[in-house]
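Enquirer: Provided below: model-v3.cif, containing mmCIF, C-alpha atoms and all ligand atoms.
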data_query
loop_
_atom_site.group_PDB
_atom_site.id
_atom_site.type_symbol
_atom_site.label_atom_id
_atom_site.label_comp_id
_atom_site.auth_asym_id
_atom_site.auth_seq_id
_atom_site.Cartn_x
_atom_site.Cartn_y
_atom_site.Cartn_z
ATOM 1 C CA MET A 1 -34.996 90.544 -61.072
ATOM 2 C CA THR A 2 -36.905 87.532 -62.339
ATOM 3 C CA ASP A 3 -36.201 86.911 -66.047
ATOM 4 C CA ARG A 4 -39.260 86.394 -68.235
ATOM 5 C CA TYR A 5 -39.741 83.795 -70.962
ATOM 6 C CA ALA A 6 -42.828 82.564 -72.806
ATOM 7 C CA VAL A 7 -44.113 80.205 -75.457
ATOM 8 C CA ILE A 8 -46.180 81.834 -78.197
ATOM 9 C CA GLY A 9 -48.710 79.981 -80.352
ATOM 10 C CA ASN A 10 -52.363 79.879 -81.390
ATOM 11 C CA PRO A 11 -53.950 77.907 -79.829
ATOM 12 C CA ILE A 12 -51.628 77.796 -76.823
ATOM 13 C CA GLU A 13 -53.691 76.342 -73.970
ATOM 14 C CA GLN A 14 -52.407 72.803 -74.724
ATOM 15 C CA SER A 15 -48.721 73.745 -74.452
ATOM 16 C CA LYS A 16 -46.622 71.839 -71.921
ATOM 17 C CA SER A 17 -43.684 74.236 -72.253
ATOM 18 C CA PRO A 18 -44.460 76.309 -69.107
ATOM 19 C CA LEU A 19 -44.674 73.139 -67.014
ATOM 20 C CA ILE A 20 -41.377 71.894 -68.446
ATOM 21 C CA HIS A 21 -39.402 75.135 -68.188
ATOM 22 C CA ASN A 22 -40.692 76.041 -64.734
ATOM 23 C CA ALA A 23 -39.679 72.551 -63.563
ATOM 24 C CA PHE A 24 -36.236 73.045 -65.135
ATOM 25 C CA ALA A 25 -35.926 76.464 -63.442
ATOM 26 C CA GLN A 26 -36.769 74.979 -60.087
ATOM 27 C CA VAL A 27 -34.260 72.133 -60.225
ATOM 28 C CA THR A 28 -31.471 74.339 -61.573
ATOM 29 C CA GLY A 29 -32.233 77.259 -59.226
ATOM 30 C CA GLN A 30 -32.734 79.782 -62.046
ATOM 31 C CA ASP A 31 -34.653 82.980 -61.217
ATOM 32 C CA MET A 32 -37.056 82.987 -64.147
ATOM 33 C CA ALA A 33 -40.763 82.850 -64.968
ATOM 34 C CA TYR A 34 -42.151 81.142 -68.072
ATOM 35 C CA THR A 35 -45.699 81.704 -69.300
ATOM 36 C CA LYS A 36 -48.020 81.043 -72.274
ATOM 37 C CA LEU A 37 -48.769 83.755 -74.779
ATOM 38 C CA LEU A 38 -51.701 83.504 -77.190
ATOM 39 C CA GLY A 39 -50.488 85.247 -80.351
ATOM 40 C CA PRO A 40 -53.281 86.674 -82.493
ATOM 41 C CA LEU A 41 -53.237 85.278 -86.028
ATOM 42 C CA GLY A 42 -51.473 87.880 -88.166
ATOM 43 C CA GLY A 43 -50.171 89.571 -85.006
ATOM 44 C CA PHE A 44 -47.000 87.615 -84.232
ATOM 45 C CA ALA A 45 -44.501 90.488 -84.609
ATOM 46 C CA ALA A 46 -46.561 92.922 -82.523
ATOM 47 C CA SER A 47 -46.944 90.351 -79.726
ATOM 48 C CA VAL A 48 -43.213 89.605 -79.656
ATOM 49 C CA ASP A 49 -42.366 93.330 -79.818
ATOM 50 C CA ALA A 50 -44.563 93.932 -76.756
ATOM 51 C CA PHE A 51 -43.025 90.994 -74.858
ATOM 52 C CA ARG A 52 -39.521 92.269 -75.583
ATOM 53 C CA ALA A 53 -40.444 95.851 -74.637
ATOM 54 C CA ALA A 54 -41.663 94.508 -71.280
ATOM 55 C CA GLY A 55 -38.242 92.925 -70.665
ATOM 56 C CA GLY A 56 -38.828 89.406 -72.033
ATOM 57 C CA ARG A 57 -35.562 87.489 -72.491
ATOM 58 C CA GLY A 58 -36.606 84.656 -74.794
ATOM 59 C CA MET A 59 -39.430 82.678 -76.329
ATOM 60 C CA ASN A 60 -40.368 79.313 -77.654
ATOM 61 C CA VAL A 61 -42.454 79.369 -80.798
ATOM 62 C CA THR A 62 -45.100 76.838 -81.706
ATOM 63 C CA ALA A 63 -47.720 76.439 -84.454
ATOM 64 C CA PRO A 64 -48.600 78.406 -86.483
ATOM 65 C CA PHE A 65 -45.788 80.902 -85.921
ATOM 66 C CA LYS A 66 -42.540 79.012 -86.671
ATOM 67 C CA LEU A 67 -42.230 80.668 -90.086
ATOM 68 C CA ASP A 68 -43.168 84.104 -88.710
ATOM 69 C CA ALA A 69 -40.363 83.705 -86.183
ATOM 70 C CA PHE A 70 -37.996 82.787 -88.998
ATOM 71 C CA ALA A 71 -38.862 86.077 -90.714
ATOM 72 C CA TYR A 72 -38.708 88.049 -87.432
ATOM 73 C CA ALA A 73 -35.250 86.880 -86.297
ATOM 74 C CA SER A 74 -32.158 88.993 -86.909
ATOM 75 C CA ASP A 75 -29.642 86.140 -86.436
ATOM 76 C CA LEU A 76 -30.568 82.629 -87.576
ATOM 77 C CA ALA A 77 -28.545 79.667 -86.333
ATOM 78 C CA PRO A 78 -27.721 76.995 -88.959
ATOM 79 C CA SER A 79 -30.352 74.707 -87.390
ATOM 80 C CA ALA A 80 -33.049 77.314 -88.049
ATOM 81 C CA GLN A 81 -31.739 78.157 -91.505
ATOM 82 C CA MET A 82 -31.764 74.531 -92.571
ATOM 83 C CA ALA A 83 -35.164 73.827 -91.044
ATOM 84 C CA GLY A 84 -36.576 77.042 -92.526
ATOM 85 C CA ALA A 85 -38.365 77.494 -89.212
ATOM 86 C CA VAL A 86 -37.646 78.728 -85.693
ATOM 87 C CA ASN A 87 -38.762 77.227 -82.384
ATOM 88 C CA ALA A 88 -36.677 79.252 -79.925
ATOM 89 C CA MET A 89 -35.617 82.901 -79.751
ATOM 90 C CA LYS A 90 -33.262 84.793 -77.475
ATOM 91 C CA PHE A 91 -33.459 88.577 -77.142
ATOM 92 C CA GLU A 92 -30.232 90.485 -76.486
ATOM 93 C CA GLY A 93 -30.103 94.230 -77.055
ATOM 94 C CA GLY A 94 -31.613 94.804 -80.477
ATOM 95 C CA LYS A 95 -30.805 91.270 -81.620
ATOM 96 C CA VAL A 96 -33.180 88.347 -82.004
ATOM 97 C CA TYR A 97 -31.173 85.108 -82.077
ATOM 98 C CA ALA A 98 -33.102 82.142 -83.394
ATOM 99 C CA GLU A 99 -32.682 78.382 -83.227
ATOM 100 C CA ASN A 100 -34.582 75.237 -84.081
ATOM 101 C CA PHE A 101 -34.012 72.564 -81.457
ATOM 102 C CA ASP A 102 -36.638 70.046 -82.626
ATOM 103 C CA GLY A 103 -34.202 67.908 -84.614
ATOM 104 C CA VAL A 104 -31.475 67.834 -82.011
ATOM 105 C CA GLY A 105 -34.127 67.053 -79.383
ATOM 106 C CA LEU A 106 -35.366 64.089 -81.403
ATOM 107 C CA VAL A 107 -31.884 62.711 -81.956
ATOM 108 C CA ARG A 108 -30.942 63.100 -78.310
ATOM 109 C CA ASP A 109 -34.083 61.303 -77.190
ATOM 110 C CA VAL A 110 -33.463 58.390 -79.542
ATOM 111 C CA VAL A 111 -29.707 58.030 -79.108
ATOM 112 C CA HIS A 112 -29.320 59.005 -75.440
ATOM 113 C CA ASN A 113 -32.639 58.329 -73.666
ATOM 114 C CA LEU A 114 -33.724 55.312 -75.708
ATOM 115 C CA ALA A 115 -30.156 54.068 -76.222
ATOM 116 C CA CYS A 116 -30.770 53.485 -79.920
ATOM 117 C CA PRO A 117 -27.744 54.569 -81.978
ATOM 118 C CA LEU A 118 -28.600 55.679 -85.513
ATOM 119 C CA LYS A 119 -25.174 55.133 -87.016
ATOM 120 C CA GLY A 120 -25.315 52.472 -89.689
ATOM 121 C CA ARG A 121 -29.087 52.011 -89.260
ATOM 122 C CA ARG A 122 -31.739 52.062 -91.976
ATOM 123 C CA VAL A 123 -34.054 54.944 -91.106
ATOM 124 C CA LEU A 124 -37.548 55.606 -92.447
ATOM 125 C CA VAL A 125 -39.275 58.952 -91.858
ATOM 126 C CA LEU A 126 -42.997 59.217 -92.610
ATOM 127 C CA GLY A 127 -44.049 62.790 -93.393
ATOM 128 C CA ALA A 128 -42.262 65.747 -94.939
ATOM 129 C CA GLY A 129 -43.598 68.697 -92.948
ATOM 130 C CA GLY A 130 -41.856 71.066 -90.556
ATOM 131 C CA ALA A 131 -40.853 68.394 -88.061
ATOM 132 C CA THR A 132 -39.102 66.292 -90.724
ATOM 133 C CA ARG A 133 -37.441 69.357 -92.164
ATOM 134 C CA GLY A 134 -36.045 70.230 -88.734
ATOM 135 C CA ALA A 135 -34.961 66.660 -88.013
ATOM 136 C CA LEU A 136 -33.358 65.904 -91.367
ATOM 137 C CA LEU A 137 -29.848 67.212 -90.866
ATOM 138 C CA PRO A 138 -29.485 66.142 -87.220
ATOM 139 C CA LEU A 139 -30.553 62.646 -88.345
ATOM 140 C CA LEU A 140 -28.088 62.624 -91.244
ATOM 141 C CA ALA A 141 -25.333 63.835 -88.941
ATOM 142 C CA GLN A 142 -25.696 60.542 -87.034
ATOM 143 C CA GLY A 143 -24.511 58.648 -90.120
ATOM 144 C CA PRO A 144 -27.367 56.218 -90.787
ATOM 145 C CA ALA A 145 -26.874 53.614 -93.528
ATOM 146 C CA GLU A 146 -29.741 55.201 -95.438
ATOM 147 C CA LEU A 147 -32.642 57.564 -94.870
ATOM 148 C CA VAL A 148 -35.951 57.251 -96.700
ATOM 149 C CA ILE A 149 -38.615 59.962 -96.560
ATOM 150 C CA VAL A 150 -42.173 59.000 -97.460
ATOM 151 C CA ASN A 151 -44.942 61.517 -97.980
ATOM 152 C CA ARG A 152 -48.404 61.683 -99.583
ATOM 153 C CA ASN A 153 -47.246 64.790 -101.394
ATOM 154 C CA LEU A 154 -44.091 63.406 -103.015
ATOM 155 C CA ALA A 155 -42.866 66.832 -104.158
ATOM 156 C CA LYS A 156 -42.467 67.883 -100.516
ATOM 157 C CA ALA A 157 -40.331 64.830 -99.775
ATOM 158 C CA GLN A 158 -38.266 65.475 -102.901
ATOM 159 C CA ALA A 159 -37.668 69.072 -101.805
ATOM 160 C CA LEU A 160 -36.149 67.689 -98.604
ATOM 161 C CA LEU A 161 -33.896 65.518 -100.719
ATOM 162 C CA GLU A 162 -32.517 68.668 -102.257
ATOM 163 C CA LEU A 163 -31.918 70.106 -98.785
ATOM 164 C CA ALA A 164 -30.059 66.954 -97.771
ATOM 165 C CA ARG A 165 -27.863 67.106 -100.877
ATOM 166 C CA GLN A 166 -26.775 70.664 -100.036
ATOM 167 C CA HIS A 167 -25.535 69.483 -96.675
ATOM 168 C CA PRO A 168 -21.741 69.294 -96.679
ATOM 169 C CA GLY A 169 -20.585 65.788 -95.955
ATOM 170 C CA ALA A 170 -23.926 64.358 -97.042
ATOM 171 C CA ALA A 171 -22.654 60.882 -97.793
ATOM 172 C CA VAL A 172 -25.798 59.147 -96.557
ATOM 173 C CA PRO A 173 -28.058 57.807 -99.352
ATOM 174 C CA VAL A 174 -31.416 59.586 -99.077
ATOM 175 C CA ARG A 175 -34.532 58.625 -101.039
ATOM 176 C CA ALA A 176 -38.009 60.138 -101.337
ATOM 177 C CA LEU A 177 -40.915 57.756 -101.920
ATOM 178 C CA ASN A 178 -44.682 57.493 -102.068
ATOM 179 C CA TYR A 179 -46.439 55.244 -99.567
ATOM 180 C CA ALA A 180 -47.258 52.903 -102.453
ATOM 181 C CA ASP A 181 -43.521 52.423 -103.134
ATOM 182 C CA LEU A 182 -42.906 51.076 -99.631
ATOM 183 C CA ASN A 183 -42.785 47.443 -100.589
ATOM 184 C CA GLY A 184 -40.142 45.060 -99.412
ATOM 185 C CA ASP A 185 -37.790 47.489 -97.650
ATOM 186 C CA ALA A 186 -37.299 46.980 -93.914
ATOM 187 C CA PHE A 187 -35.982 49.644 -91.510
ATOM 188 C CA ASP A 188 -34.293 49.621 -88.105
ATOM 189 C CA VAL A 189 -35.924 52.882 -87.019
ATOM 190 C CA VAL A 190 -39.289 54.130 -88.276
ATOM 191 C CA PHE A 191 -40.325 57.669 -87.343
ATOM 192 C CA ASN A 192 -43.890 58.824 -87.778
ATOM 193 C CA ALA A 193 -43.371 62.552 -88.367
ATOM 194 C CA THR A 194 -46.809 63.066 -89.885
ATOM 195 C CA SER A 195 -49.569 64.790 -87.966
ATOM 196 C CA ALA A 196 -51.901 61.822 -88.632
ATOM 197 C CA SER A 197 -51.713 60.690 -84.995
ATOM 198 C CA LEU A 198 -53.190 63.983 -83.795
ATOM 199 C CA THR A 199 -56.502 62.863 -85.303
ATOM 200 C CA ALA A 200 -55.968 59.116 -84.792
ATOM 201 C CA GLN A 201 -55.545 58.444 -88.513
ATOM 202 C CA ASP A 202 -53.798 55.324 -89.713
ATOM 203 C CA LEU A 203 -51.044 55.357 -92.337
ATOM 204 C CA PRO A 204 -50.866 53.022 -95.357
ATOM 205 C CA ILE A 205 -47.594 51.310 -94.440
ATOM 206 C CA PRO A 206 -46.942 47.594 -94.862
ATOM 207 C CA THR A 207 -45.882 45.728 -91.719
ATOM 208 C CA SER A 208 -42.739 44.674 -93.613
ATOM 209 C CA VAL A 209 -41.201 48.134 -93.012
ATOM 210 C CA PHE A 210 -40.498 47.154 -89.407
ATOM 211 C CA ALA A 211 -37.260 45.154 -89.308
ATOM 212 C CA HIS A 212 -36.604 42.705 -86.479
ATOM 213 C CA GLY A 213 -35.647 44.704 -83.357
ATOM 214 C CA CYS A 214 -36.928 47.919 -84.894
ATOM 215 C CA LEU A 215 -37.715 51.108 -82.951
ATOM 216 C CA ALA A 216 -41.086 52.630 -83.918
ATOM 217 C CA TYR A 217 -41.193 56.269 -82.840
ATOM 218 C CA ASP A 218 -44.218 58.556 -83.170
ATOM 219 C CA LEU A 219 -43.228 62.227 -82.883
ATOM 220 C CA THR A 220 -46.755 63.030 -81.721
ATOM 221 C CA TYR A 221 -46.975 62.819 -77.936
ATOM 222 C CA GLY A 222 -49.635 62.437 -75.288
ATOM 223 C CA LYS A 223 -51.944 60.307 -77.433
ATOM 224 C CA GLY A 224 -51.082 56.883 -76.020
ATOM 225 C CA LEU A 225 -50.981 53.994 -78.479
ATOM 226 C CA THR A 226 -51.563 55.804 -81.787
ATOM 227 C CA PRO A 227 -52.698 53.881 -84.901
ATOM 228 C CA PHE A 228 -49.062 53.991 -86.095
ATOM 229 C CA LEU A 229 -47.727 52.509 -82.846
ATOM 230 C CA GLN A 230 -50.556 49.999 -82.808
ATOM 231 C CA ARG A 231 -49.632 48.891 -86.328
ATOM 232 C CA ALA A 232 -46.003 48.536 -85.258
ATOM 233 C CA ARG A 233 -46.984 46.481 -82.227
ATOM 234 C CA GLN A 234 -49.152 44.239 -84.381
ATOM 235 C CA ALA A 235 -46.117 43.715 -86.620
ATOM 236 C CA GLY A 236 -44.216 42.432 -83.594
ATOM 237 C CA VAL A 237 -42.294 45.606 -82.702
ATOM 238 C CA THR A 238 -41.556 45.795 -78.982
ATOM 239 C CA ARG A 239 -39.611 49.071 -78.934
ATOM 240 C CA LEU A 240 -42.279 51.784 -79.140
ATOM 241 C CA ALA A 241 -41.913 55.456 -78.224
ATOM 242 C CA ASP A 242 -43.807 58.680 -78.650
ATOM 243 C CA GLY A 243 -42.476 62.247 -78.867
ATOM 244 C CA VAL A 244 -42.573 63.147 -75.185
ATOM 245 C CA GLY A 245 -38.818 62.709 -74.870
ATOM 246 C CA MET A 246 -38.236 64.831 -77.964
ATOM 247 C CA LEU A 247 -40.407 67.548 -76.442
ATOM 248 C CA ALA A 248 -38.436 67.495 -73.194
ATOM 249 C CA GLU A 249 -35.053 67.374 -74.957
ATOM 250 C CA GLN A 250 -35.741 70.299 -77.302
ATOM 251 C CA ALA A 251 -36.877 72.250 -74.235
ATOM 252 C CA ALA A 252 -33.676 71.349 -72.390
ATOM 253 C CA GLU A 253 -31.625 72.574 -75.365
ATOM 254 C CA ALA A 254 -33.449 75.915 -75.333
ATOM 255 C CA PHE A 255 -33.081 76.186 -71.560
ATOM 256 C CA ALA A 256 -29.335 75.560 -71.773
ATOM 257 C CA TRP A 257 -29.024 78.122 -74.577
ATOM 258 C CA TRP A 258 -30.846 80.760 -72.509
ATOM 259 C CA ARG A 259 -29.494 80.008 -69.030
ATOM 260 C CA GLY A 260 -26.139 78.277 -69.550
ATOM 261 C CA VAL A 261 -27.137 75.180 -67.573
ATOM 262 C CA ARG A 262 -28.589 71.973 -69.031
ATOM 263 C CA PRO A 263 -31.326 70.444 -66.894
ATOM 264 C CA ASP A 264 -31.892 66.735 -66.504
ATOM 265 C CA THR A 265 -35.032 65.744 -68.431
ATOM 266 C CA ARG A 266 -35.903 62.469 -66.716
ATOM 267 C CA GLU A 267 -38.451 63.791 -64.199
ATOM 268 C CA VAL A 268 -40.237 65.903 -66.792
ATOM 269 C CA ILE A 269 -40.469 62.946 -69.182
ATOM 270 C CA VAL A 270 -41.915 60.735 -66.445
ATOM 271 C CA CYS A 271 -44.381 63.460 -65.455
ATOM 272 C CA LEU A 272 -45.641 63.979 -69.033
ATOM 273 C CA THR A 273 -45.628 60.375 -70.203
ATOM 274 C CA VAL A 274 -48.964 58.951 -71.307
ATOM 275 C CA PRO A 275 -48.748 55.138 -71.296
ATOM 276 C CA LEU A 276 -48.651 53.527 -74.748
ATOM 277 C CA VAL A 277 -51.711 51.344 -74.225
HETATM 278 P P1 LIG B 301 -46.818 69.746 -90.654
HETATM 279 O O1 LIG B 301 -48.227 70.238 -90.692
HETATM 280 O O2 LIG B 301 -45.712 70.631 -91.061
HETATM 281 O O3 LIG B 301 -46.706 68.429 -91.601
HETATM 282 C C1 LIG B 301 -47.670 67.431 -91.513
HETATM 283 C C2 LIG B 301 -47.187 66.187 -92.249
HETATM 284 O O4 LIG B 301 -48.088 65.128 -91.958
HETATM 285 C C3 LIG B 301 -47.140 66.326 -93.768
HETATM 286 O O5 LIG B 301 -46.054 65.598 -94.266
HETATM 287 C C4 LIG B 301 -48.463 65.666 -94.192
HETATM 288 O O6 LIG B 301 -48.418 65.109 -95.483
HETATM 289 C C5 LIG B 301 -48.547 64.559 -93.181
HETATM 290 N N1 LIG B 301 -49.894 64.043 -92.947
HETATM 291 C C6 LIG B 301 -50.891 64.626 -92.234
HETATM 292 N N2 LIG B 301 -51.964 63.814 -92.190
HETATM 293 C C7 LIG B 301 -51.635 62.692 -92.865
HETATM 294 C C8 LIG B 301 -52.335 61.491 -93.179
HETATM 295 N N3 LIG B 301 -53.578 61.274 -92.768
HETATM 296 N N4 LIG B 301 -51.692 60.556 -93.903
HETATM 297 C C9 LIG B 301 -50.428 60.753 -94.335
HETATM 298 N N5 LIG B 301 -49.708 61.883 -94.084
HETATM 299 C C10 LIG B 301 -50.328 62.834 -93.353
HETATM 300 O O7 LIG B 301 -46.613 69.170 -89.175
HETATM 301 P P2 LIG B 301 -45.226 69.070 -88.367
HETATM 302 O O8 LIG B 301 -44.227 68.470 -89.266
HETATM 303 O O9 LIG B 301 -44.947 70.348 -87.710
HETATM 304 O O10 LIG B 301 -45.626 68.050 -87.191
HETATM 305 C C11 LIG B 301 -45.793 66.669 -87.450
HETATM 306 C C12 LIG B 301 -46.082 65.952 -86.139
HETATM 307 O O11 LIG B 301 -44.949 66.014 -85.297
HETATM 308 C C13 LIG B 301 -47.244 66.564 -85.356
HETATM 309 O O12 LIG B 301 -48.062 65.534 -84.842
HETATM 310 C C14 LIG B 301 -46.566 67.302 -84.220
HETATM 311 O O13 LIG B 301 -47.349 67.330 -83.048
HETATM 312 C C15 LIG B 301 -45.320 66.452 -84.013
HETATM 313 N N6 LIG B 301 -44.204 67.225 -83.441
HETATM 314 C C16 LIG B 301 -43.718 66.809 -82.237
HETATM 315 C C17 LIG B 301 -42.698 67.506 -81.636
HETATM 316 C C18 LIG B 301 -42.180 67.031 -80.318
HETATM 317 O O14 LIG B 301 -41.471 67.793 -79.646
HETATM 318 N N7 LIG B 301 -42.474 65.797 -79.933
HETATM 319 C C19 LIG B 301 -42.110 68.704 -82.247
HETATM 320 C C20 LIG B 301 -42.668 69.028 -83.546
HETATM 321 C C21 LIG B 301 -43.700 68.309 -84.087
HETATM 322 P P3 LIG B 301 -48.721 65.995 -96.816
HETATM 323 O O15 LIG B 301 -47.547 66.898 -97.006
HETATM 324 O O16 LIG B 301 -48.840 64.961 -97.884
HETATM 325 O O17 LIG B 301 -49.999 66.729 -96.527
#
Go ahead and render the structure in this file as structure tokens.
Expert:
Amino acid sequence: MTDRYAVIGNPIEQSKSPLIHNAFAQVTGQDMAYTKLLGPLGGFAASVDAFRAAGGRGMNVTAPFKLDAFAYASDLAPSAQMAGAVNAMKFEGGKVYAENFDGVGLVRDVVHNLACPLKGRRVLVLGAGGATRGALLPLLAQGPAELVIVNRNLAKAQALLELARQHPGAAVPVRALNYADLNGDAFDVVFNATSASLTAQDLPIPTSVFAHGCLAYDLTYGKGLTPFLQRARQAGVTRLADGVGMLAEQAAEAFAWWRGVRPDTREVIVCLTVPLV
């Protein structure tokens, strides 16, 4: 019997997850179907209950339900616990296993696909929302020389500092700053993990943050040359990337977790790439 999976969100029409997972299923020969599910606001648990009752095997979770999924899960993986949010669930018997693959997907895209090791590098992360929270510990696990988190709302960045300190083996110096404090420091990797690119908003960062040979990476995907990437290019950065690879890699992690086989992401990334022009 064909196994059923879905991505739940609201809105959900924009989601690329069915395209990605159905492509993965085809190349790996898995008998599964993956669809979109529009979850009514305030109706997350009832929608997931119904999907499970109909035989659903697993789900991806997107905005605004990542915290609802955290509350719904019976068994949270460390990645989900540390992120405080869930982006993938697996249903087995009465159990709801939950993971957050966003951070590991980001790291894999940077280190493996873009061949940019993070060990010993100075890393700047702009934004302190859910994506940064999920990425924090996978980034620290790579052993960067330092990690700086910048956010408009400094308290949110400082809260992440606390999270980083609780991490065993957290030897990496981590700082939380305001945008106005970003003067003089240069970084080898600069991540834009704000949602500013979704609405084509620029960020108040000096061009000096981009060190020579820097990678500028916008987690937002499908928007072409965002104001952040444009700013990086104007500063002379030649290594630019958006979050399409992260999207594909977190999907591949979920697929492997559900099906026991890890698909190659290259074709999906090519298919979904919007040129950075
Ligand atoms: P959240 O809503 O949780 O956080 C948004 C963050 O953006 C906050 O830190 C907020 O700052 C900041 N922000 C928003 N607008 C501005 C602005 N104009 N100037 C400065 N800071 C701003 O979003 P997520 O963390 O979930 O997502 C962030 C981005 O990452 C989104 O674009 C999302 O699409 C992308 N993403 C990509 C994934 C992928 O697979 N490629 C996976 C997950 C996310 P403040 O706290 O001060 O308001």
Enquirer: Considering only C-alpha atoms, return as a PDB file with C-alpha atoms, keeping the file's coordinate frame whatever protein or nucleic-acid residues lie within 9 Å of Arg152 (chain A), sequence-local ones (same chain, fewer than 6 positions apart) excluded.
Expert:
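As a result, result20.pdb now contains:
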ATOM      1  CA  GLY A 127     -44.049  62.790 -93.393  1.00  0.00           C
ATOM      2  CA  ALA A 128     -42.262  65.747 -94.939  1.00  0.00           C
ATOM      3  CA  LEU A 177     -40.915  57.756-101.920  1.00  0.00           C
ATOM      4  CA  ASN A 178     -44.682  57.493-102.068  1.00  0.00           C
ATOM      5  CA  TYR A 179     -46.439  55.244 -99.567  1.00  0.00           C
TER       6      TYR A 179
END
Enquirer: Could the centre and edge lengths of an axis-aligned box, enclosing all atoms of ligand LIG 301 (chain B) in the file with 5 Å extra on each side, be given in Å to one decimal as AutoDock Vina command-line options?
Expert:
--center_x -47.5 --center_y 65.6 --center_z -88.8 --size_x 22.1 --size_y 20.1 --size_z 28.2
Enquirer: Under the rule that all atoms listed in the file are counted, which of A:Pro227, A:Gly236, A:Gly243, A:Pro173 is the nearest residue to ligand LIG 301 (chain B)?
Expert: A:Gly243
Enquirer: Dump as JSON lines the rows for residues of chain A within 7 Å of ligand LIG 301 (chain B): closest atom pair and distance in Å with one decimal, all atoms listed in the file counted, ordered by chain and rising residue number.
Expert:
{"residue": "A:Asp102", "atom": "CA", "partner": "B:LIG301", "partner_atom": "C19", "distance": 5.6}
{"residue": "A:Gly127", "atom": "CA", "partner": "B:LIG301", "partner_atom": "O5", "distance": 3.6}
{"residue": "A:Ala128", "atom": "CA", "partner": "B:LIG301", "partner_atom": "O5", "distance": 3.9}
{"residue": "A:Gly129", "atom": "CA", "partner": "B:LIG301", "partner_atom": "O3", "distance": 3.4}
{"residue": "A:Gly130", "atom": "CA", "partner": "B:LIG301", "partner_atom": "O8", "distance": 3.7}
{"residue": "A:Ala131", "atom": "CA", "partner": "B:LIG301", "partner_atom": "O8", "distance": 3.6}
{"residue": "A:Thr132", "atom": "CA", "partner": "B:LIG301", "partner_atom": "O8", "distance": 5.8}
{"residue": "A:Asn151", "atom": "CA", "partner": "B:LIG301", "partner_atom": "O16", "distance": 5.2}
{"residue": "A:Arg152", "atom": "CA", "partner": "B:LIG301", "partner_atom": "O16", "distance": 3.7}
{"residue": "A:Asn153", "atom": "CA", "partner": "B:LIG301", "partner_atom": "O16", "distance": 3.9}
{"residue": "A:Lys156", "atom": "CA", "partner": "B:LIG301", "partner_atom": "O15", "distance": 6.3}
{"residue": "A:Ala193", "atom": "CA", "partner": "B:LIG301", "partner_atom": "C11", "distance": 4.9}
{"residue": "A:Thr194", "atom": "CA", "partner": "B:LIG301", "partner_atom": "O4", "distance": 3.2}
{"residue": "A:Ser195", "atom": "CA", "partner": "B:LIG301", "partner_atom": "O12", "distance": 3.5}
{"residue": "A:Ala196", "atom": "CA", "partner": "B:LIG301", "partner_atom": "N2", "distance": 4.1}
{"residue": "A:Ser197", "atom": "CA", "partner": "B:LIG301", "partner_atom": "O12", "distance": 6.1}
{"residue": "A:Leu198", "atom": "CA", "partner": "B:LIG301", "partner_atom": "O12", "distance": 5.5}
{"residue": "A:Gln201", "atom": "CA", "partner": "B:LIG301", "partner_atom": "N3", "distance": 5.5}
{"residue": "A:Asp202", "atom": "CA", "partner": "B:LIG301", "partner_atom": "N3", "distance": 6.7}
{"residue": "A:Leu203", "atom": "CA", "partner": "B:LIG301", "partner_atom": "N4", "distance": 5.5}
{"residue": "A:Leu219", "atom": "CA", "partner": "B:LIG301", "partner_atom": "C16", "distance": 4.7}
{"residue": "A:Thr220", "atom": "CA", "partner": "B:LIG301", "partner_atom": "O12", "distance": 4.2}
{"residue": "A:Tyr221", "atom": "CA", "partner": "B:LIG301", "partner_atom": "N7", "distance": 5.8}
{"residue": "A:Gly243", "atom": "CA", "partner": "B:LIG301", "partner_atom": "N7", "distance": 3.7}
{"residue": "A:Val244", "atom": "CA", "partner": "B:LIG301", "partner_atom": "N7", "distance": 5.4}
{"residue": "A:Gly245", "atom": "CA", "partner": "B:LIG301", "partner_atom": "N7", "distance": 7.0}
{"residue": "A:Met246", "atom": "CA", "partner": "B:LIG301", "partner_atom": "O14", "distance": 4.7}
{"residue": "A:Leu247", "atom": "CA", "partner": "B:LIG301", "partner_atom": "O14", "distance": 3.4}
{"residue": "A:Gln250", "atom": "CA", "partner": "B:LIG301", "partner_atom": "O14", "distance": 6.7}
Enquirer: At what distance in Å, to one decimal, does CA of Met59 (chain A) lie from CA of Asn87 (chain A)?
Expert: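 Interatomic distance, CA of Asn87 (chain A) to CA of Met59 (chain A): 8.2 Å.
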Enquirer: Could you list the residues chosen by the PyMOL selection byres (((chain A and resi 222) around 7) and not hetatm) in this structure as a count of residues only?
Expert: 5
Enquirer: Quick one: of A:Val86, A:Gly29, A:Asn183, A:Gly94, who's nearest to Ala63 (chain A), counting all atoms listed in the file?
Expert: A:Val86
Enquirer: Could you give me, as a short mmCIF file (atom, residue, chain, number, x, y, z; two decimals) with C-alpha atoms, in the frame of the given file, the residues within 10 Å of region 49-53 of chain A, counting all atoms listed in the file and dropping anything in the same chain fewer than 5 positions from it?
Expert:
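The file below, part-v4.cif, is the result:
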data_model
loop_
_atom_site.label_atom_id
_atom_site.label_comp_id
_atom_site.auth_asym_id
_atom_site.auth_seq_id
_atom_site.Cartn_x
_atom_site.Cartn_y
_atom_site.Cartn_z
CA ARG A 4 -39.26 86.39 -68.24
CA TYR A 5 -39.74 83.80 -70.96
CA ALA A 6 -42.83 82.56 -72.81
CA LEU A 37 -48.77 83.76 -74.78
CA PHE A 44 -47.00 87.62 -84.23
CA GLY A 58 -36.61 84.66 -74.79
CA MET A 59 -39.43 82.68 -76.33
CA TYR A 72 -38.71 88.05 -87.43
CA LYS A 90 -33.26 84.79 -77.47
CA PHE A 91 -33.46 88.58 -77.14
CA GLU A 92 -30.23 90.48 -76.49
CA GLY A 93 -30.10 94.23 -77.06
CA GLY A 94 -31.61 94.80 -80.48
CA VAL A 96 -33.18 88.35 -82.00
#
